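The next block is structure-v5.cif, given as mmCIF, C-alpha atoms.
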data_start
#
loop_
_atom_site.label_atom_id
_atom_site.label_comp_id
_atom_site.auth_asym_id
_atom_site.auth_seq_id
_atom_site.Cartn_x
_atom_site.Cartn_y
_atom_site.Cartn_z
CA MET A 1 5.57 4.04 14.36
CA TYR A 2 2.74 1.74 15.47
CA TRP A 3 5.26 -0.99 16.26
CA VAL A 4 7.24 1.38 18.54
CA ALA A 5 4.03 2.50 20.29
CA CYS A 6 3.00 -1.14 20.89
CA MET A 7 6.45 -2.00 22.27
CA LEU A 8 6.33 0.98 24.65
CA LEU A 9 2.84 -0.02 25.77
CA PHE A 10 3.99 -3.62 26.35
CA ALA A 11 7.06 -2.43 28.27
CA GLY A 12 4.87 -0.21 30.46
CA CYS A 13 2.56 -3.12 31.30
CA HIS A 14 5.54 -5.36 32.01
CA GLU A 15 7.00 -2.81 34.44
CA ASP A 16 3.68 -2.62 36.30
CA GLU A 17 3.65 -6.41 36.57
CA ASN A 18 7.18 -6.39 38.03
CA GLU A 19 6.09 -3.90 40.67
CA LEU A 20 3.33 -6.28 41.78
CA LEU A 21 5.33 -9.54 41.84
CA ASP A 22 8.46 -10.71 43.61
CA ASN A 23 11.28 -12.58 41.84
CA ASN A 24 9.42 -15.91 42.22
CA GLY A 25 6.12 -14.68 40.76
CA PHE A 26 4.29 -14.26 44.08
CA PRO A 27 2.38 -11.07 44.85
CA LYS A 28 4.26 -8.41 46.76
CA VAL A 29 2.78 -7.11 50.00
CA THR A 30 1.14 -3.97 48.59
CA GLU A 31 -2.35 -2.51 48.75
CA ASN A 32 -2.78 -3.23 45.02
CA ASN A 33 -2.55 -6.99 45.72
CA LEU A 34 -4.65 -7.13 48.92
CA ASP A 35 -7.27 -9.89 48.68
CA ALA A 36 -10.30 -8.44 50.47
CA SER A 37 -12.33 -11.61 49.81
CA ALA A 38 -10.11 -13.79 52.03
CA LEU A 39 -11.77 -14.78 55.30
CA ILE A 40 -9.28 -14.90 58.20
CA LYS A 41 -10.16 -16.36 61.62
CA GLU A 42 -8.05 -17.51 64.56
CA PHE A 43 -8.34 -21.29 64.57
CA PHE A 44 -6.39 -22.41 67.65
CA SER A 45 -4.03 -21.12 70.29
CA HIS A 46 -1.76 -23.04 72.62
CA LYS A 47 -0.48 -20.03 74.49
CA GLY A 48 1.87 -20.85 77.32
CA GLY A 49 2.62 -24.31 76.01
CA ASP A 50 5.19 -26.79 77.24
CA TYR A 51 8.86 -26.09 77.66
CA PRO A 52 10.40 -26.13 74.14
CA ALA A 53 12.28 -29.41 74.57
CA GLN A 54 8.98 -31.17 75.37
CA ASN A 55 7.42 -30.07 72.08
CA PRO A 56 8.01 -32.74 69.39
CA ALA A 57 8.47 -30.08 66.67
CA TYR A 58 11.18 -28.34 68.72
CA GLN A 59 14.15 -30.00 66.99
CA GLU A 60 13.02 -28.54 63.66
CA TRP A 61 12.92 -24.93 64.85
CA GLU A 62 15.00 -24.62 68.01
CA GLU A 63 17.36 -22.07 66.43
CA ASP A 64 14.53 -19.80 65.26
CA SER A 65 12.46 -17.36 67.29
CA TYR A 66 9.52 -18.18 65.02
CA LYS A 67 8.59 -21.05 62.75
CA THR A 68 5.71 -20.80 60.29
CA THR A 69 3.96 -23.55 58.38
CA PHE A 70 0.80 -23.85 56.32
CA THR A 71 -1.34 -26.55 54.75
CA CYS A 72 -3.98 -26.28 52.02
CA PHE A 73 -7.17 -28.33 52.39
CA HIS A 74 -9.66 -29.09 49.63
CA SER A 75 -12.32 -31.23 51.35
CA PRO A 76 -13.71 -31.93 54.80
CA ASP A 77 -12.39 -35.51 54.58
CA GLU A 78 -8.86 -34.25 54.00
CA LEU A 79 -9.20 -32.00 57.04
CA LYS A 80 -10.62 -34.80 59.24
CA GLU A 81 -7.52 -36.91 58.52
CA SER A 82 -5.12 -34.11 59.51
CA LYS A 83 -3.64 -33.03 62.83
CA TYR A 84 -6.17 -30.15 62.81
CA ALA A 85 -9.24 -32.42 62.96
CA ALA A 86 -9.90 -31.69 66.64
CA GLY A 87 -10.64 -28.01 65.90
CA ILE A 88 -13.08 -28.38 63.02
CA GLU A 89 -15.85 -26.70 65.05
CA ASN A 90 -13.70 -23.52 65.23
CA LEU A 91 -13.56 -23.09 61.45
CA PRO A 92 -15.53 -20.47 59.56
CA PRO A 93 -18.08 -21.79 57.03
CA ILE A 94 -16.38 -23.20 53.92
CA GLU A 95 -17.93 -23.87 50.49
CA TRP A 96 -15.60 -26.67 49.41
CA GLN A 97 -16.87 -26.54 45.77
CA THR A 98 -15.54 -23.00 45.30
CA GLN A 99 -13.07 -22.34 48.14
CA THR A 100 -9.79 -23.61 49.61
CA LEU A 101 -8.93 -23.66 53.30
CA VAL A 102 -5.38 -22.73 54.31
CA ILE A 103 -4.35 -23.29 57.92
CA CYS A 104 -1.28 -21.30 58.96
CA SER A 105 0.62 -22.08 62.16
CA VAL A 106 3.11 -19.86 63.93
CA TYR A 107 5.34 -21.38 66.61
CA SER A 108 7.21 -19.00 68.86
CA LEU A 109 9.93 -19.46 71.48
CA THR A 110 8.57 -16.40 73.29
CA ALA A 111 5.08 -15.55 74.51
CA ILE A 112 2.67 -14.32 71.83
CA CYS A 113 0.37 -11.78 73.42
CA ASP A 114 -3.22 -11.27 72.35
CA GLU A 115 -3.49 -8.67 69.58
CA CYS A 116 0.26 -9.07 68.84
CA PHE A 117 -0.15 -10.51 65.37
CA ASP A 118 -1.82 -9.66 62.05
CA PHE A 119 -2.52 -11.81 59.01
CA HIS A 120 -3.22 -10.39 55.53
CA VAL A 121 -3.62 -12.13 52.17
CA TYR A 122 -2.33 -10.75 48.87
CA LYS A 123 -3.33 -12.22 45.50
CA HIS A 124 -2.14 -11.83 41.94
CA SER A 125 -2.43 -14.21 38.97
CA ASP A 126 -3.66 -17.22 40.99
CA LYS A 127 -0.79 -16.97 43.49
CA TYR A 128 -1.14 -15.92 47.11
CA THR A 129 1.19 -14.32 49.64
CA ILE A 130 0.12 -14.60 53.27
CA ASP A 131 1.77 -11.87 55.30
CA ILE A 132 2.12 -12.49 59.04
CA THR A 133 3.23 -9.62 61.23
CA MET A 134 4.31 -10.42 64.80
CA TYR A 135 4.68 -7.52 67.21
CA GLU A 136 7.40 -8.01 69.82
CA GLY A 137 7.69 -6.07 73.06
CA ASP A 138 10.81 -5.10 74.93
CA TYR A 139 10.45 -8.02 77.33
CA ASN A 140 9.69 -11.45 75.95
CA ILE A 141 8.77 -14.31 78.25
CA GLN A 142 10.54 -17.54 77.27
CA MET A 143 7.84 -20.13 76.58
CA VAL A 144 6.48 -21.97 73.59
CA ASP A 145 3.41 -20.43 72.02
CA ASP A 146 1.60 -21.81 69.02
CA ILE A 147 -1.20 -20.04 67.16
CA GLY A 148 -3.11 -21.10 64.09
CA VAL A 149 -5.22 -19.13 61.70
CA ALA A 150 -7.77 -20.48 59.23
CA ILE A 151 -7.85 -18.61 55.93
CA VAL A 152 -10.60 -19.28 53.41
CA LEU A 153 -9.60 -18.33 49.86
CA ALA A 154 -12.19 -17.78 47.13
CA ARG A 155 -10.72 -20.30 44.69
CA LYS A 156 -10.92 -24.07 44.56
CA ASP A 157 -7.89 -26.39 44.36
CA ILE A 158 -5.16 -24.00 45.44
CA LYS A 159 -1.97 -26.01 45.91
CA ASN A 160 0.80 -25.47 48.47
CA GLY A 161 3.01 -24.26 45.60
CA ASP A 162 0.56 -21.42 44.93
CA VAL A 163 0.99 -20.02 48.45
CA LYS A 164 3.92 -18.27 50.11
CA LEU A 165 4.20 -17.20 53.76
CA VAL A 166 6.05 -14.04 54.71
CA LEU A 167 6.81 -13.42 58.39
CA ASN A 168 7.68 -9.93 59.61
CA SER A 169 8.49 -9.20 63.22
CA GLN A 170 8.33 -5.63 64.44
CA ARG A 171 9.56 -4.21 67.72
CA ILE A 172 7.04 -2.21 69.72
CA LYS A 173 7.27 -0.48 73.08
CA LEU A 174 4.82 -1.95 75.55
CA GLU A 175 3.38 0.59 77.96
#

Starting from the file, lay out its structure as structure tokens.
Amino acid sequence: MYWVACMLLFAGCHEDENELLDNNGFPKVTENNLDASALIKEFFSHKGGDYPAQNPAYQEWEEDSYKTTFTCFHSPDELKESKYAAGIENLPPIEWQTQTLVICSVYSLTAICDECFDFHVYKHSDKYTIDITMYEGDYNIQMVDDIGVAIVLARKDIKNGDVKLVLNSQRIKLE
């Protein structure tokens, strides 16, 4: 009888775990996984950038409306050697002994308006899902936009394999 009760208890816990994680073990985008300790700040914006063919990254993402990338940083020296070094003064304060910096970039083939995007971080079992929501209007201006967001996570030595980006685009009516 005790064995059956333990198995039912274990099965119940396992079902709860499945509701919180996707098939690859990353947290699902649910309130239960929201990481309120993550600090999120816009890091750079190249709104109204060059024509897409003039952007060197264009060949990688020319078929997509959006392209997202991210990089984890573990020290100021690592950051200074990266393509993001020029914007260091725009970063929030980082305690490198206890935190990891993740810089997310979103490239778009249409204009990204101010207040047209949201970033949220979800955490479960030392894995992170960064959810990016882009809001699209009825009329999109064809131009390359590029935004970056600095996210400070309250754990040291997070690797790229511990992070997953999820991009959602939602249609909205602009008034």

Problem set entry | For CA of Phe119 in chain A and CA of Phe70 in chain A, the interatomic separation in Å (one decimal) | 12.8 Å

For this session: Mind giving me the straight-line distance from CA of His124 in chain A to CA of His74 in chain A in Å, one decimal?
Result: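 Rounded to one decimal, the two atoms are 20.3 Å apart.
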
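Separating CA of Val121 in chain A from CA of Lys156 in chain A is a distance of 15.9 Å.
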
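For the choices A:Cys72, A:Cys116, A:Lys83, A:Glu136, the atom-to-atom distance to Asp157 in chain A is smallest for A:Cys72 when using only C-alpha atoms.
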
For this session: Determine the residue set returned by the PyMOL selection byres ((chain A and resi 21) around 12) for the present structure, and present it as number ranges by chain.
Result: A: 14-20, 22-30, 32-33, 122-129

For this session: May I have the residues within 10 Å of Tyr84 in chain A as a ChimeraX atom specification, using all atoms listed in the file and disregarding those fewer than 2 positions away in the same chain?
Result: /A:43-44,79-82,86-88,103,148

For this session: Pick out the closest residue to Thr68 in chain A from this set: A:Val163, A:Val144, A:Tyr107, A:Ile112. Count only C-alpha atoms.
Result: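 Closest to Thr68 in chain A of all the choices is A:Tyr107.
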
Exercise. Smallest atom-to-atom distance to Cys113 in chain A: which of A:Val166, A:Val152, A:Ile40, A:Met134, using all atoms listed in the file?
Worked result: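 Ranking A:Val166, A:Val152, A:Ile40, A:Met134 by distance to Cys113 in chain A, first place goes to A:Met134.
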
Problem set entry | Among the residues A:Leu165, A:Glu78, A:Ala111, A:Ala150, the one that comes closest to Ile132 in chain A [using all atoms listed in the file] |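 Among the listed residues, A:Leu165 lies closest to Ile132 in chain A.
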
For this session: Using the chain letters and residue numbers of this document, give as a VMD selection string the residues selected by the PyMOL selection byres ((chain A and resi 67) around 8).
Result: chain A and resid 61 64 to 66 68 to 69 106 to 108

Problem set entry | A:Asp146, A:Thr110, A:Pro92, A:Ile151 ranked by distance to Phe73 in chain A, top pick (using all atoms listed in the file) |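 Using all atoms listed in the file, Phe73 in chain A sits closest to A:Ile151.
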
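Minimum atom-to-atom distance to Ile94 in chain A, evaluated using all atoms listed in the file, belongs to A:Leu153 out of A:Leu153, A:Ile158, A:Leu167, A:Leu34.
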